[in-house]
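Structure file upload-v9.cif; described as mmCIF, C-alpha atoms and all ligand atoms.
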data_entry
#
loop_
_atom_site.label_atom_id
_atom_site.label_comp_id
_atom_site.auth_asym_id
_atom_site.auth_seq_id
_atom_site.Cartn_x
_atom_site.Cartn_y
_atom_site.Cartn_z
CA MET G 1 93.70 231.80 163.61
CA ILE G 2 94.76 235.33 162.69
CA PRO G 3 92.92 238.08 164.58
CA ALA G 4 89.78 239.53 162.98
CA GLU G 5 91.42 242.98 162.72
CA LEU G 6 94.38 241.61 160.78
CA LYS G 7 92.07 239.63 158.52
CA GLN G 8 89.96 242.71 157.86
CA SER G 9 92.99 244.87 157.16
CA LEU G 10 94.39 242.32 154.71
CA LYS G 11 91.00 242.04 152.99
CA GLU G 12 90.90 245.80 152.54
CA HIS G 13 94.35 245.80 150.96
CA ILE G 14 93.43 242.93 148.69
CA ASP G 15 90.24 244.68 147.61
CA ARG G 16 92.27 247.66 146.39
CA VAL G 17 94.17 245.70 143.74
CA GLU G 18 92.89 244.31 140.49
CA HIS G 19 94.12 240.77 141.04
CA PRO G 20 94.21 239.38 144.61
CA GLN G 21 97.33 237.36 143.72
CA GLU G 22 99.28 240.64 143.47
CA MET G 23 99.05 240.81 147.25
CA ALA G 24 100.14 237.22 147.86
CA VAL G 25 103.62 237.93 149.18
CA ASP G 26 102.44 240.81 151.40
CA VAL G 27 99.69 238.63 152.83
CA ILE G 28 102.10 235.77 153.45
CA PHE G 29 104.53 238.09 155.27
CA ALA G 30 101.75 239.60 157.37
CA ILE G 31 100.50 236.17 158.40
CA GLN G 32 104.04 234.97 159.02
CA ASP G 33 104.67 238.01 161.23
CA PHE G 34 101.64 237.04 163.30
CA TYR G 35 102.56 233.36 163.78
CA GLY G 36 106.35 233.76 163.75
CA TYR G 37 106.52 231.42 160.75
CA MET G 38 104.19 230.30 158.00
CA THR G 39 102.09 227.65 159.69
CA ASP G 40 99.80 225.24 157.83
CA GLU G 41 96.89 227.21 159.24
CA GLY G 42 98.49 230.41 157.93
CA VAL G 43 98.85 228.87 154.47
CA GLN G 44 95.15 228.04 154.41
CA GLU G 45 94.20 231.48 155.71
CA ALA G 46 96.30 233.17 153.02
CA ALA G 47 94.73 230.93 150.39
CA ASP G 48 91.21 231.80 151.55
CA LEU G 49 91.95 235.53 151.61
CA LEU G 50 93.56 235.54 148.19
CA ASN G 51 91.17 233.12 146.54
CA MET G 52 94.10 230.88 145.70
CA SER G 53 94.70 227.21 146.49
CA ALA G 54 96.74 226.18 149.52
CA LEU G 55 99.14 224.52 147.07
CA GLU G 56 99.76 227.82 145.28
CA ILE G 57 100.51 229.50 148.61
CA GLU G 58 102.75 226.60 149.57
CA GLN G 59 104.67 227.00 146.31
CA LEU G 60 105.23 230.70 147.00
CA ALA G 61 106.14 230.06 150.62
CA THR G 62 108.78 227.50 149.70
CA PHE G 63 110.14 229.66 146.86
CA TYR G 64 110.84 232.76 148.95
CA THR G 65 113.94 232.68 151.14
CA PHE G 66 112.34 234.85 153.78
CA VAL G 67 109.22 232.78 154.26
CA TYR G 68 109.69 230.07 156.88
CA ARG G 69 107.61 226.93 156.91
CA GLU G 70 109.14 225.82 160.20
CA PRO G 71 109.53 227.67 163.49
CA VAL G 72 112.48 230.06 163.58
CA GLY G 73 114.14 232.13 166.27
CA LYS G 74 113.26 235.70 167.11
CA TYR G 75 116.24 236.77 164.99
CA VAL G 76 116.89 235.01 161.70
CA ILE G 77 120.47 235.42 160.54
CA HIS G 78 121.10 234.95 156.82
CA VAL G 79 124.80 234.88 156.05
CA CYS G 80 125.65 235.77 152.47
CA ASP G 81 127.04 232.73 150.69
CA SER G 82 128.05 234.20 147.33
CA VAL G 83 131.24 234.86 145.47
CA VAL G 84 132.34 238.30 146.72
CA CYS G 85 131.73 237.30 150.32
CA TRP G 86 133.59 234.04 149.68
CA MET G 87 136.61 236.13 148.66
CA ASN G 88 136.35 238.39 151.68
CA GLY G 89 136.00 236.13 154.66
CA TYR G 90 132.65 234.38 154.41
CA GLU G 91 134.03 231.12 155.74
CA THR G 92 135.51 232.72 158.86
CA VAL G 93 132.24 234.54 159.54
CA TRP G 94 130.16 231.44 159.00
CA GLU G 95 132.32 229.23 161.21
CA TYR G 96 132.47 231.89 163.89
CA LEU G 97 128.68 232.22 163.98
CA CYS G 98 128.17 228.45 164.14
CA ARG G 99 130.68 228.24 167.02
CA LYS G 100 129.43 231.32 168.82
CA LEU G 101 125.77 230.28 168.65
CA ASP G 102 126.67 226.61 169.07
CA ILE G 103 124.24 225.49 166.40
CA GLU G 104 124.33 223.73 163.05
CA PRO G 105 123.21 225.48 159.86
CA GLY G 106 119.43 225.78 159.79
CA ASP G 107 119.10 225.33 163.55
CA THR G 108 117.82 227.67 166.22
CA THR G 109 119.56 228.38 169.52
CA SER G 110 118.03 226.68 172.56
CA ASP G 111 116.87 230.04 173.93
CA GLY G 112 114.84 230.53 170.75
CA LEU G 113 116.68 233.72 169.85
CA PHE G 114 118.74 232.97 166.75
CA THR G 115 118.28 230.87 163.61
CA LEU G 116 121.26 230.57 161.28
CA LEU G 117 120.81 230.25 157.52
CA LYS G 118 122.68 231.00 154.31
CA VAL G 119 121.45 233.25 151.54
CA CYS G 120 122.59 234.28 148.06
CA CYS G 121 124.10 237.72 147.46
CA ILE G 122 122.25 240.40 149.40
CA GLY G 123 123.68 243.32 147.42
CA TYR G 124 126.12 244.31 150.12
CA CYS G 125 129.17 243.12 148.18
CA ASP G 126 131.09 246.36 148.76
CA ARG G 127 130.75 245.71 152.49
CA SER G 128 131.39 241.97 152.39
CA PRO G 129 131.40 239.69 154.23
CA ALA G 130 127.81 240.46 154.98
CA MET G 131 124.67 239.07 156.56
CA LEU G 132 121.04 239.96 157.19
CA ILE G 133 119.33 239.73 160.54
CA ASN G 134 115.56 239.96 160.21
CA ARG G 135 116.25 241.45 156.78
CA LYS G 136 118.48 244.26 158.09
CA ALA G 137 121.93 244.22 156.49
CA TYR G 138 125.24 244.17 158.35
CA GLY G 139 128.56 244.37 156.54
CA HIS G 140 132.33 244.39 157.02
CA LEU G 141 131.81 241.55 159.46
CA THR G 142 134.50 240.50 161.90
CA ALA G 143 134.32 238.36 165.02
CA GLU G 144 134.29 241.51 167.16
CA LYS G 145 131.53 243.09 165.14
CA ILE G 146 129.44 239.91 165.29
CA ASP G 147 129.88 239.80 169.08
CA GLU G 148 128.66 243.38 169.34
CA ILE G 149 125.64 242.77 167.12
CA LEU G 150 124.59 239.60 168.96
CA GLU G 151 125.05 241.21 172.37
CA HIS G 152 122.97 244.15 171.31
CA LEU G 153 120.18 241.91 170.05
CA ARG G 154 120.31 239.78 173.22
CA SER G 155 119.98 242.89 175.33
CA GLU G 156 116.88 243.89 173.37
CA ALA G 157 115.23 240.47 173.50
S1 LIG G 201 128.38 238.41 147.49
FE1 LIG G 201 127.88 238.75 149.57
S2 LIG G 201 126.74 240.58 149.50
FE2 LIG G 201 127.14 240.18 147.43
#

Do you think you could lay out the structure here as structure tokens?
Amino acid sequence: MIPAELKQSLKEHIDRVEHPQEMAVDVIFAIQDFYGYMTDEGVQEAADLLNMSALEIEQLATFYTFVYREPVGKYVIHVCDSVVCWMNGYETVWEYLCRKLDIEPGDTTSDGLFTLLKVCCIGYCDRSPAMLINRKAYGHLTAEKIDEILEHLRSEA
């Protein structure tokens, strides 16, 4: 169950808008941040707060790339899988990350740190190949740069 303070804060935000549904994505992200992913309990809590059905929340949760209905690692890596990145080394980056993290697409490393996923263009085409980690963009990726980024994140974990 989300803490009472979080629930109260979300209620206050919802009360400020004309239609509670306007806040649906913000509420989902806030609840996801609390649980680490969008749990079934979180879906129901969002539905109750927003006066929506659990099915409507489920539909939103499965539509948005950055809402996770299964547990993910502390750092979620989304590698851009669109045309400009394809032309500029996407495949090398993708294969390197799979090898380096020793996981299959969609999996999480055994230490729970990294989940590896693909995403459509993230608007970083001029710095392709590119990826997001917890929604922060990284571009001009090379094996060396990926090593540096992962080491830095590991040291912060
Ligand atoms: S195609 Fe990869 S960032 Fe646009």

Axis-aligned box for ligand LIG 201 (chain G), 4 Å per side, centre and edges in Å as AutoDock Vina command-line options:
--center_x 127.6 --center_y 239.5 --center_z 148.5 --size_x 9.6 --size_y 10.2 --size_z 10.1

Ligand LIG 201 (chain G): which residues are within 10 Å, counting only C-alpha atoms and all ligand atoms? Reply as a PDB file with C-alpha atoms, in the frame of the given file.
ATOM      1  CA  VAL G  79     124.800 234.880 156.050  1.00  0.00           C
ATOM      2  CA  CYS G  80     125.650 235.770 152.470  1.00  0.00           C
ATOM      3  CA  ASP G  81     127.040 232.730 150.690  1.00  0.00           C
ATOM      4  CA  SER G  82     128.050 234.200 147.330  1.00  0.00           C
ATOM      5  CA  VAL G  83     131.240 234.860 145.470  1.00  0.00           C
ATOM      6  CA  VAL G  84     132.340 238.300 146.720  1.00  0.00           C
ATOM      7  CA  CYS G  85     131.730 237.300 150.320  1.00  0.00           C
ATOM      8  CA  TRP G  86     133.590 234.040 149.680  1.00  0.00           C
ATOM      9  CA  MET G  87     136.610 236.130 148.660  1.00  0.00           C
ATOM     10  CA  ASN G  88     136.350 238.390 151.680  1.00  0.00           C
ATOM     11  CA  GLY G  89     136.000 236.130 154.660  1.00  0.00           C
ATOM     12  CA  TYR G  90     132.650 234.380 154.410  1.00  0.00           C
ATOM     13  CA  VAL G 119     121.450 233.250 151.540  1.00  0.00           C
ATOM     14  CA  CYS G 120     122.590 234.280 148.060  1.00  0.00           C
ATOM     15  CA  CYS G 121     124.100 237.720 147.460  1.00  0.00           C
ATOM     16  CA  ILE G 122     122.250 240.400 149.400  1.00  0.00           C
ATOM     17  CA  GLY G 123     123.680 243.320 147.420  1.00  0.00           C
ATOM     18  CA  TYR G 124     126.120 244.310 150.120  1.00  0.00           C
ATOM     19  CA  CYS G 125     129.170 243.120 148.180  1.00  0.00           C
ATOM     20  CA  ASP G 126     131.090 246.360 148.760  1.00  0.00           C
ATOM     21  CA  ARG G 127     130.750 245.710 152.490  1.00  0.00           C
ATOM     22  CA  SER G 128     131.390 241.970 152.390  1.00  0.00           C
ATOM     23  CA  PRO G 129     131.400 239.690 154.230  1.00  0.00           C
ATOM     24  CA  ALA G 130     127.810 240.460 154.980  1.00  0.00           C
ATOM     25  CA  MET G 131     124.670 239.070 156.560  1.00  0.00           C
ATOM     26  CA  LEU G 132     121.040 239.960 157.190  1.00  0.00           C
ATOM     27  CA  ALA G 137     121.930 244.220 156.490  1.00  0.00           C
ATOM     28  CA  TYR G 138     125.240 244.170 158.350  1.00  0.00           C
ATOM     29  CA  GLY G 139     128.560 244.370 156.540  1.00  0.00           C
TER      30      GLY G 139
END

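Between Ile149 (chain G) and the residues G:Phe34, G:Phe63, G:Phe114, G:Tyr68, the shortest atom-to-atom distance, using only C-alpha atoms, involves G:Phe114.
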
Out of G:Ala143, G:Leu153, G:Val27, G:Ile57, which residue has the shortest atom-to-atom distance to Lys74 (chain G) when counting all atoms listed in the file?
G:Leu153

With only C-alpha atoms as the basis for distance, which of G:Val93, G:Met23, G:Ile28, G:Ala157 is at the shortest distance from Asp40 (chain G)?
G:Ile28

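Among the candidate residues G:Glu58, G:Asp33, G:Asp26, G:Glu148, the one lying nearest to Leu10 (chain G) is G:Asp26, with distances computed using all atoms listed in the file.
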
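Using all atoms listed in the file, the smallest distance between any of G:Thr92, G:Thr109, G:Ser155, G:Thr115 and Leu141 (chain G) comes from G:Thr92.
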